[in-house]
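Shown here: final.pdb, PDB, C-alpha atoms and all ligand atoms.
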```pdb
MODEL        1
ATOM      1  CA  MET A   6     -54.990-136.696 -46.282
ATOM      2  CA  SER A   7     -54.967-133.631 -48.488
ATOM      3  CA  GLN A   8     -56.506-130.513 -46.997
ATOM      4  CA  SER A   9     -58.696-128.607 -49.408
ATOM      5  CA  THR A  10     -57.925-124.879 -49.545
ATOM      6  CA  SER A  11     -61.359-123.749 -50.648
ATOM      7  CA  LEU A  12     -64.396-124.012 -48.421
ATOM      8  CA  HIS A  13     -67.792-122.933 -49.695
ATOM      9  CA  VAL A  14     -70.434-122.528 -47.006
ATOM     10  CA  ALA A  15     -74.036-121.694 -47.898
ATOM     11  CA  VAL A  16     -76.638-120.558 -45.380
ATOM     12  CA  ILE A  17     -80.429-120.530 -45.384
ATOM     13  CA  MET A  18     -81.007-117.770 -42.829
ATOM     14  CA  ASP A  19     -84.346-118.743 -41.330
ATOM     15  CA  GLY A  20     -86.119-117.659 -38.144
ATOM     16  CA  ASN A  21     -86.103-113.855 -38.190
ATOM     17  CA  GLY A  22     -89.886-113.667 -37.850
ATOM     18  CA  ARG A  23     -90.076-116.147 -34.974
ATOM     19  CA  TRP A  24     -87.175-114.444 -33.220
ATOM     20  CA  ALA A  25     -89.144-111.184 -33.332
ATOM     21  CA  ALA A  26     -92.486-112.752 -32.357
ATOM     22  CA  ARG A  27     -90.929-114.314 -29.251
ATOM     23  CA  ARG A  28     -89.920-110.837 -28.158
ATOM     24  CA  GLY A  29     -93.231-109.202 -29.022
ATOM     25  CA  LEU A  30     -91.530-107.265 -31.828
ATOM     26  CA  PRO A  31     -92.640-106.692 -35.431
ATOM     27  CA  ARG A  32     -91.161-109.012 -38.074
ATOM     28  CA  ALA A  33     -89.144-106.114 -39.478
ATOM     29  CA  ALA A  34     -87.220-105.986 -36.189
ATOM     30  CA  GLY A  35     -86.324-109.635 -36.712
ATOM     31  CA  HIS A  36     -84.999-108.855 -40.169
ATOM     32  CA  ARG A  37     -82.929-105.966 -38.795
ATOM     33  CA  ALA A  38     -81.448-108.289 -36.184
ATOM     34  CA  GLY A  39     -80.884-110.757 -39.029
ATOM     35  CA  ALA A  40     -78.844-108.124 -40.844
ATOM     36  CA  ASP A  41     -76.648-107.739 -37.730
ATOM     37  CA  ALA A  42     -76.106-111.502 -37.782
ATOM     38  CA  VAL A  43     -75.101-111.285 -41.447
ATOM     39  CA  ARG A  44     -72.419-108.744 -40.501
ATOM     40  CA  ARG A  45     -71.110-110.952 -37.659
ATOM     41  CA  ILE A  46     -70.925-114.084 -39.768
ATOM     42  CA  VAL A  47     -69.325-112.367 -42.763
ATOM     43  CA  GLU A  48     -66.641-110.992 -40.441
ATOM     44  CA  ALA A  49     -66.066-114.316 -38.676
ATOM     45  CA  ALA A  50     -66.090-116.594 -41.725
ATOM     46  CA  PRO A  51     -62.598-115.974 -43.199
ATOM     47  CA  ASP A  52     -60.891-116.575 -39.833
ATOM     48  CA  GLN A  53     -62.667-119.938 -39.680
ATOM     49  CA  GLY A  54     -61.290-121.025 -43.054
ATOM     50  CA  VAL A  55     -64.350-120.166 -45.129
ATOM     51  CA  THR A  56     -63.337-118.885 -48.579
ATOM     52  CA  ALA A  57     -66.807-118.551 -50.103
ATOM     53  CA  LEU A  58     -70.076-117.793 -48.351
ATOM     54  CA  THR A  59     -73.450-117.777 -50.079
ATOM     55  CA  LEU A  60     -76.406-116.391 -48.108
ATOM     56  CA  PHE A  61     -80.069-116.858 -49.042
ATOM     57  CA  ALA A  62     -81.528-113.407 -48.432
ATOM     58  CA  PHE A  63     -84.707-113.511 -50.531
ATOM     59  CA  SER A  64     -86.195-116.393 -52.468
ATOM     60  CA  ALA A  65     -88.180-116.045 -55.683
ATOM     61  CA  ASP A  66     -91.088-117.393 -53.616
ATOM     62  CA  ASN A  67     -90.742-114.706 -50.945
ATOM     63  CA  TRP A  68     -92.693-112.294 -53.195
ATOM     64  CA  LYS A  69     -95.764-114.073 -51.789
ATOM     65  CA  ARG A  70     -95.234-112.297 -48.455
ATOM     66  CA  PRO A  71     -97.199-109.144 -47.587
ATOM     67  CA  ALA A  72     -96.111-106.180 -49.724
ATOM     68  CA  SER A  73     -95.119-104.215 -46.627
ATOM     69  CA  GLU A  74     -92.699-106.920 -45.473
ATOM     70  CA  VAL A  75     -91.231-107.291 -48.957
ATOM     71  CA  ALA A  76     -90.717-103.519 -49.228
ATOM     72  CA  ALA A  77     -89.075-103.400 -45.800
ATOM     73  CA  LEU A  78     -86.712-106.219 -46.779
ATOM     74  CA  MET A  79     -85.758-104.507 -50.059
ATOM     75  CA  ARG A  80     -84.988-101.278 -48.188
ATOM     76  CA  LEU A  81     -83.001-103.193 -45.600
ATOM     77  CA  PHE A  82     -80.914-104.933 -48.280
ATOM     78  CA  ALA A  83     -80.140-101.621 -50.027
ATOM     79  CA  ARG A  84     -79.224 -99.898 -46.762
ATOM     80  CA  HIS A  85     -77.127-102.845 -45.616
ATOM     81  CA  LEU A  86     -75.141-102.876 -48.866
ATOM     82  CA  GLN A  87     -74.486 -99.150 -48.589
ATOM     83  CA  THR A  88     -73.457 -99.122 -44.946
ATOM     84  CA  GLU A  89     -71.439-102.360 -45.099
ATOM     85  CA  THR A  90     -69.397-101.674 -48.223
ATOM     86  CA  PRO A  91     -66.533 -99.926 -46.359
ATOM     87  CA  ARG A  92     -66.249-102.876 -43.929
ATOM     88  CA  LEU A  93     -66.377-105.361 -46.790
ATOM     89  CA  LEU A  94     -63.528-103.487 -48.474
ATOM     90  CA  GLU A  95     -61.480-103.392 -45.271
ATOM     91  CA  ASN A  96     -61.965-107.118 -44.793
ATOM     92  CA  GLY A  97     -61.091-108.093 -48.369
ATOM     93  CA  VAL A  98     -64.599-109.338 -49.112
ATOM     94  CA  ARG A  99     -65.779-109.500 -52.701
ATOM     95  CA  LEU A 100     -69.541-109.237 -52.915
ATOM     96  CA  ASP A 101     -71.744-110.547 -55.699
ATOM     97  CA  VAL A 102     -75.516-110.675 -55.746
ATOM     98  CA  VAL A 103     -77.051-113.677 -57.501
ATOM     99  CA  GLY A 104     -80.625-114.058 -58.686
ATOM    100  CA  ARG A 105     -82.973-111.999 -60.858
ATOM    101  CA  ARG A 106     -82.581-108.236 -60.857
ATOM    102  CA  ASP A 107     -85.420-107.190 -63.129
ATOM    103  CA  ARG A 108     -88.043-107.382 -60.356
ATOM    104  CA  LEU A 109     -85.983-105.528 -57.734
ATOM    105  CA  PRO A 110     -86.596-101.848 -56.882
ATOM    106  CA  ALA A 111     -84.262 -99.476 -58.739
ATOM    107  CA  PRO A 112     -82.504 -98.154 -55.591
ATOM    108  CA  LEU A 113     -81.603-101.721 -54.607
ATOM    109  CA  VAL A 114     -80.269-102.511 -58.082
ATOM    110  CA  ALA A 115     -78.142 -99.350 -57.888
ATOM    111  CA  ALA A 116     -76.865-100.300 -54.421
ATOM    112  CA  ILE A 117     -75.996-103.802 -55.663
ATOM    113  CA  ARG A 118     -74.037-102.448 -58.635
ATOM    114  CA  ALA A 119     -72.151 -99.977 -56.459
ATOM    115  CA  ALA A 120     -71.251-102.597 -53.838
ATOM    116  CA  GLU A 121     -70.168-105.119 -56.476
ATOM    117  CA  ARG A 122     -67.964-102.575 -58.240
ATOM    118  CA  ALA A 123     -66.436-101.273 -55.022
ATOM    119  CA  THR A 124     -65.520-104.730 -53.723
ATOM    120  CA  ALA A 125     -64.498-106.404 -56.996
ATOM    121  CA  ALA A 126     -60.826-106.705 -55.975
ATOM    122  CA  GLY A 127     -61.494-108.526 -52.686
ATOM    123  CA  THR A 128     -59.723-111.878 -52.380
ATOM    124  CA  ARG A 129     -60.211-112.977 -48.754
ATOM    125  CA  LEU A 130     -63.869-114.021 -48.942
ATOM    126  CA  ARG A 131     -66.219-114.447 -51.887
ATOM    127  CA  LEU A 132     -69.579-113.387 -50.509
ATOM    128  CA  ARG A 133     -72.650-114.096 -52.572
ATOM    129  CA  LEU A 134     -76.030-112.784 -51.578
ATOM    130  CA  ALA A 135     -78.936-114.604 -53.201
ATOM    131  CA  VAL A 136     -81.788-112.154 -53.804
ATOM    132  CA  ASP A 137     -84.890-113.074 -55.853
ATOM    133  CA  TYR A 138     -83.144-116.401 -56.299
ATOM    134  CA  SER A 139     -84.595-119.735 -57.407
ATOM    135  CA  ALA A 140     -82.288-122.721 -57.877
ATOM    136  CA  ARG A 141     -84.597-124.286 -60.435
ATOM    137  CA  ALA A 142     -84.613-121.085 -62.492
ATOM    138  CA  ALA A 143     -80.829-120.764 -62.121
ATOM    139  CA  ILE A 144     -80.317-124.322 -63.381
ATOM    140  CA  ALA A 145     -82.645-123.742 -66.348
ATOM    141  CA  ASP A 146     -80.735-120.527 -67.179
ATOM    142  CA  ARG A 147     -77.369-122.273 -66.544
ATOM    143  CA  HIS A 148     -76.330-119.906 -63.751
ATOM    144  CA  ILE A 149     -74.355-122.452 -61.787
ATOM    145  CA  LEU A 150     -72.150-121.526 -58.821
ATOM    146  CA  PRO A 151     -69.212-123.490 -57.369
ATOM    147  CA  ASP A 152     -70.061-126.658 -55.447
ATOM    148  CA  VAL A 153     -71.177-126.109 -51.860
ATOM    149  CA  ASP A 154     -69.211-127.962 -49.172
ATOM    150  CA  LEU A 155     -71.459-127.222 -46.208
ATOM    151  CA  LEU A 156     -75.072-126.060 -46.198
ATOM    152  CA  ILE A 157     -76.354-124.614 -42.932
ATOM    153  CA  ARG A 158     -80.041-123.932 -42.271
ATOM    154  CA  THR A 159     -81.049-122.102 -39.111
ATOM    155  CA  GLY A 160     -84.556-121.881 -37.617
ATOM    156  CA  GLY A 161     -85.265-125.594 -37.177
ATOM    157  CA  GLU A 162     -86.731-126.504 -40.576
ATOM    158  CA  GLN A 163     -85.020-129.242 -42.553
ATOM    159  CA  ARG A 164     -85.515-128.503 -46.230
ATOM    160  CA  LEU A 165     -83.674-126.833 -49.133
ATOM    161  CA  SER A 166     -86.426-124.429 -50.275
ATOM    162  CA  ASP A 167     -85.136-124.113 -53.877
ATOM    163  CA  PHE A 168     -81.645-122.978 -52.800
ATOM    164  CA  LEU A 169     -78.506-124.140 -54.671
ATOM    165  CA  LEU A 170     -80.026-127.501 -55.631
ATOM    166  CA  TRP A 171     -77.347-128.268 -58.214
ATOM    167  CA  GLU A 172     -74.442-126.967 -56.154
ATOM    168  CA  CYS A 173     -75.477-128.983 -53.076
ATOM    169  CA  ALA A 174     -75.243-132.334 -54.867
ATOM    170  CA  TYR A 175     -72.510-133.441 -52.431
ATOM    171  CA  ALA A 176     -72.876-130.807 -49.726
ATOM    172  CA  GLU A 177     -72.907-131.826 -46.095
ATOM    173  CA  LEU A 178     -76.178-130.635 -44.535
ATOM    174  CA  TYR A 179     -76.311-129.031 -41.092
ATOM    175  CA  PHE A 180     -79.594-128.041 -39.490
ATOM    176  CA  THR A 181     -79.835-126.073 -36.273
ATOM    177  CA  GLU A 182     -82.716-124.862 -34.122
ATOM    178  CA  ILE A 183     -80.988-121.519 -33.568
ATOM    179  CA  MET A 184     -82.945-118.598 -35.025
ATOM    180  CA  TRP A 185     -80.854-116.647 -37.532
ATOM    181  CA  PRO A 186     -80.613-113.408 -35.485
ATOM    182  CA  ASP A 187     -79.041-115.444 -32.657
ATOM    183  CA  PHE A 188     -76.541-117.234 -34.905
ATOM    184  CA  ALA A 189     -73.061-116.224 -33.776
ATOM    185  CA  ALA A 190     -69.431-116.875 -34.718
ATOM    186  CA  ALA A 191     -69.316-119.729 -32.178
ATOM    187  CA  ASP A 192     -72.298-121.375 -33.890
ATOM    188  CA  LEU A 193     -70.511-121.174 -37.229
ATOM    189  CA  ALA A 194     -67.505-122.781 -35.550
ATOM    190  CA  ASP A 195     -69.759-125.606 -34.246
ATOM    191  CA  ALA A 196     -71.137-126.215 -37.731
ATOM    192  CA  LEU A 197     -67.629-126.284 -39.208
ATOM    193  CA  ARG A 198     -66.431-128.663 -36.485
ATOM    194  CA  ALA A 199     -69.282-131.029 -37.347
ATOM    195  CA  PHE A 200     -68.439-130.675 -41.039
ATOM    196  CA  HIS A 201     -64.752-131.474 -40.545
ATOM    197  CA  ALA A 202     -65.655-134.542 -38.464
ATOM    198  CA  ARG A 203     -67.626-136.037 -41.340
ATOM    199  CA  GLN A 204     -66.113-138.245 -43.966
ATOM    200  CA  ARG A 205     -66.983-137.135 -47.474
ATOM    201  CA  ARG A 206     -66.907-139.914 -50.026
ATOM    202  CA  PHE A 207     -68.503-138.413 -53.146
ATOM    203  CA  GLY A 208     -69.899-141.845 -53.971
ATOM    204  CA  GLY A 209     -66.571-143.623 -53.458
ATOM    205  CA  LEU A 210     -65.453-145.832 -50.586
ATOM    206  CA  PRO A 211     -64.115-144.768 -47.184
ATOM    207  CA  GLU A 212     -60.326-144.254 -47.333
ATOM    208  CA  ALA A 213     -59.594-147.345 -45.213
ATOM    209  CA  ALA A 214     -61.612-149.623 -47.488
ATOM    210  CA  ALA A 215     -60.388-148.197 -50.783
ATOM    211  CA  GLY A 216     -57.239-150.376 -50.810
TER     212      GLY A 216
HETATM  213  C1  LIG B   1     -86.132-115.867 -43.011
HETATM  214  O1  LIG B   1     -86.768-115.578 -41.806
HETATM  215  C2  LIG B   1     -85.424-114.740 -43.500
HETATM  216  C3  LIG B   1     -85.718-114.039 -44.638
HETATM  217  C4  LIG B   1     -86.821-114.344 -45.561
HETATM  218  C5  LIG B   1     -84.954-112.903 -45.040
HETATM  219  C6  LIG B   1     -83.476-112.981 -44.844
HETATM  220  C7  LIG B   1     -83.063-111.653 -44.462
HETATM  221  C8  LIG B   1     -82.163-111.362 -43.514
HETATM  222  C9  LIG B   1     -81.347-112.354 -42.823
HETATM  223  C10 LIG B   1     -82.020-109.970 -43.084
HETATM  224  C11 LIG B   1     -81.065-109.131 -43.746
HETATM  225  C12 LIG B   1     -80.195-109.692 -44.755
HETATM  226  C13 LIG B   1     -79.275-108.965 -45.382
HETATM  227  C14 LIG B   1     -78.470-109.562 -46.442
HETATM  228  C15 LIG B   1     -79.035-107.561 -45.031
HETATM  229  P1  LIG B   1     -88.349-115.658 -41.772
HETATM  230  O2  LIG B   1     -88.873-114.286 -41.947
HETATM  231  O3  LIG B   1     -88.829-116.650 -42.779
HETATM  232  O4  LIG B   1     -88.557-116.168 -40.312
HETATM  233  P2  LIG B   1     -89.713-117.101 -39.784
HETATM  234  O5  LIG B   1     -89.589-118.420 -40.508
HETATM  235  O6  LIG B   1     -89.395-117.216 -38.339
HETATM  236  O7  LIG B   1     -90.998-116.391 -40.056
ENDMDL
END
```
Do you think you could lay out the structure here as structure tokens?
Amino acid sequence: MSQSTSLHVAVIMDGNGRWAARRGLPRAAGHRAGADAVRRIVEAAPDQGVTALTLFAFSADNWKRPASEVAALMRLFARHLQTETPRLLENGVRLDVVGRRDRLPAPLVAAIRAAERATAAGTRLRLRLAVDYSARAAIADRHILPDVDLLIRTGGEQRLSDFLLWECAYAELYFTEIMWPDFAAADLADALRAFHARQRRFGGLPEAAAG
């Protein structure tokens, strides 16, 4: 059996708000804890064989949330990009942000450009952050990413929410009840173990039956 050398994992990071509510904290605290989880998973992913990681940070439909939450998220993204860039560089991570930029606040757009430029030579992990992203819009505009091997959604819901619809044509889907701020390296390892135990057929026959 040939072992593929590329492994593209995509994550719908859901459950920040519920994580905070269960602790009597404001939703923004859940998003901050979510940013810590992003750092942990980005650092753990390459050691677990992940070569590309695409994270759904803000959907084109998330603009419907209260303006105060949206503004807090935009500030959090900008701050995270600024503070994390040195670690990304150290870890050989190349960061790209996918999605629309014309509706983002100027300081965030500047932080995105700076982080992308600074990390452009990274070869260990291709990290894509989807911000103001809609898969339907991306397909219509022909902004297609590499095929996803494994899609993880945290927070207990089982839906795709307009994320990487084209790229997930043959993705294995993995849903977990864990809230995103609690998602740890060991949980990523569990998801990858489940993924490697599955047999992918891409519409063909199982190896034993293929003759
Ligand atoms: C879903 O939780 C999460 C989001 C809409 C935002 C994702 C943002 C982060 C993980 C934080 C920081 C990210 C980066 C890249 C720094 P929810 O608010 O929908 O949770 P709920 O379903 O429990 O309300």
CA of Ala126 in chain A to CA of Ala189 in chain A, straight-line distance in Å: 27.1 Å
Coordinates-based distance that separates CA of Ala25 in chain A from atom O4 of ligand LIG 1 (chain B) (Å, one decimal):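 Distance reported for this atom pair: 8.6 Å.
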Atom-to-atom span, CA of Val153 in chain A and CA of His13 in chain A, Å: 5.1 Å
Expansion of the PyMOL selection byres (((chain A and resi 106) around 12) and not hetatm) into residues, as a PyMOL selection string: chain A and resi 63+65+79+102-105+107-118+135-138
Give the padded box for range 131-138 of chain A as lines of an AutoDock Vina configuration file: axis-aligned, covering all atoms listed in the file, 6 Å on each side, centre and edge lengths in Å to one decimal.
```
center_x = -75.6
center_y = -114.3
center_z = -53.4
size_x = 30.7
size_y = 16.2
size_z = 17.8
```
Output check: residues returned by the PyMOL selection byres (((chain A and resi 124) around 12) and not hetatm), as a PyMOL selection string: chain A and resi 86-87+89-102+117-123+125-133
Expansion of the PyMOL selection byres (((chain A and resi 66) around 12) and not hetatm) into residues, as a list in words: Phe61, Ala62, Phe63, Ser64, Ala65, Asn67, Trp68, Lys69, Arg70, Pro71, Val75, Val136, Asp137, Tyr138, Ser139, Ala140, Arg141, Ala142, Ser166, Asp167 and Phe168 of chain A
Nearest to Ala26 in chain A by atom-to-atom distance, counting all atoms listed in the file, from A:Ala213, A:Ala202, A:Ala77, A:Met184: A:Met184
Contacts of ligand LIG 1 (chain B), 8 Å or closer, only C-alpha atoms and all ligand atoms, given as a VMD selection string: chain A and resid 17 to 25 32 35 to 43 60 to 64 67 78 81 to 86 134 160 184 to 186
Final all heavy atoms of range 52-63 of chain A as a tab-separated table (two decimals), in the frame of the given file:
```
chain	number	residue	atom	x	y	z
A	52	ASP	N	-61.77	-116.07	-40.90
A	52	ASP	CA	-60.89	-116.58	-39.83
A	52	ASP	C	-61.17	-118.04	-39.52
A	52	ASP	O	-60.37	-118.70	-38.87
A	52	ASP	CB	-61.07	-115.75	-38.54
A	52	ASP	CG	-60.54	-114.34	-38.72
A	52	ASP	OD1	-59.68	-114.14	-39.59
A	52	ASP	OD2	-61.01	-113.44	-37.99
A	53	GLN	N	-62.33	-118.53	-39.94
A	53	GLN	CA	-62.67	-119.94	-39.68
A	53	GLN	C	-62.41	-120.80	-40.92
A	53	GLN	O	-62.92	-121.92	-41.02
A	53	GLN	CB	-64.12	-120.04	-39.20
A	53	GLN	CG	-64.33	-119.30	-37.87
A	53	GLN	CD	-65.70	-119.57	-37.26
A	53	GLN	OE1	-66.34	-120.55	-37.57
A	53	GLN	NE2	-66.12	-118.71	-36.35
A	54	GLY	N	-61.69	-120.24	-41.89
A	54	GLY	CA	-61.29	-121.02	-43.05
A	54	GLY	C	-62.29	-121.02	-44.20
A	54	GLY	O	-62.11	-121.73	-45.19
A	55	VAL	N	-63.34	-120.23	-44.07
A	55	VAL	CA	-64.35	-120.17	-45.13
A	55	VAL	C	-63.83	-119.24	-46.23
A	55	VAL	O	-63.43	-118.11	-45.96
A	55	VAL	CB	-65.69	-119.64	-44.58
A	55	VAL	CG1	-66.73	-119.49	-45.69
A	55	VAL	CG2	-66.20	-120.56	-43.47
A	56	THR	N	-63.82	-119.72	-47.47
A	56	THR	CA	-63.34	-118.88	-48.58
A	56	THR	C	-64.48	-118.35	-49.42
A	56	THR	O	-64.32	-117.36	-50.14
A	56	THR	CB	-62.37	-119.67	-49.48
A	56	THR	OG1	-63.05	-120.86	-49.93
A	56	THR	CG2	-61.11	-120.06	-48.73
A	57	ALA	N	-65.63	-119.03	-49.37
A	57	ALA	CA	-66.81	-118.55	-50.10
A	57	ALA	C	-68.03	-118.77	-49.23
A	57	ALA	O	-68.17	-119.81	-48.58
A	57	ALA	CB	-66.96	-119.29	-51.42
A	58	LEU	N	-68.89	-117.75	-49.20
A	58	LEU	CA	-70.08	-117.79	-48.35
A	58	LEU	C	-71.25	-117.31	-49.19
A	58	LEU	O	-71.20	-116.21	-49.75
A	58	LEU	CB	-69.86	-116.86	-47.15
A	58	LEU	CG	-70.97	-116.74	-46.12
A	58	LEU	CD1	-71.16	-118.06	-45.37
A	58	LEU	CD2	-70.62	-115.63	-45.10
A	59	THR	N	-72.27	-118.15	-49.30
A	59	THR	CA	-73.45	-117.78	-50.08
A	59	THR	C	-74.66	-117.75	-49.15
A	59	THR	O	-74.97	-118.75	-48.50
A	59	THR	CB	-73.69	-118.77	-51.24
A	59	THR	OG1	-72.50	-118.83	-52.04
A	59	THR	CG2	-74.84	-118.31	-52.13
A	60	LEU	N	-75.30	-116.59	-49.06
A	60	LEU	CA	-76.41	-116.39	-48.11
A	60	LEU	C	-77.72	-116.21	-48.85
A	60	LEU	O	-77.81	-115.41	-49.79
A	60	LEU	CB	-76.13	-115.14	-47.26
A	60	LEU	CG	-74.81	-115.12	-46.48
A	60	LEU	CD1	-74.64	-113.78	-45.77
A	60	LEU	CD2	-74.76	-116.28	-45.47
A	61	PHE	N	-78.74	-116.94	-48.40
A	61	PHE	CA	-80.07	-116.86	-49.04
A	61	PHE	C	-80.84	-115.73	-48.37
A	61	PHE	O	-81.38	-115.88	-47.27
A	61	PHE	CB	-80.79	-118.19	-48.84
A	61	PHE	CG	-81.86	-118.49	-49.86
A	61	PHE	CD1	-82.07	-117.67	-50.96
A	61	PHE	CD2	-82.64	-119.65	-49.74
A	61	PHE	CE1	-83.04	-117.98	-51.91
A	61	PHE	CE2	-83.61	-119.97	-50.68
A	61	PHE	CZ	-83.81	-119.13	-51.77
A	62	ALA	N	-80.89	-114.58	-49.03
A	62	ALA	CA	-81.53	-113.41	-48.43
A	62	ALA	C	-82.99	-113.28	-48.83
A	62	ALA	O	-83.82	-112.82	-48.03
A	62	ALA	CB	-80.78	-112.14	-48.83
A	63	PHE	N	-83.31	-113.68	-50.08
A	63	PHE	CA	-84.71	-113.51	-50.53
A	63	PHE	C	-84.95	-114.49	-51.67
A	63	PHE	O	-84.27	-114.45	-52.70
A	63	PHE	CB	-84.92	-112.07	-51.00
A	63	PHE	CG	-86.36	-111.71	-51.25
A	63	PHE	CD1	-87.16	-111.22	-50.21
A	63	PHE	CD2	-86.92	-111.85	-52.51
A	63	PHE	CE1	-88.49	-110.88	-50.43
A	63	PHE	CE2	-88.26	-111.52	-52.74
A	63	PHE	CZ	-89.04	-111.03	-51.70
```
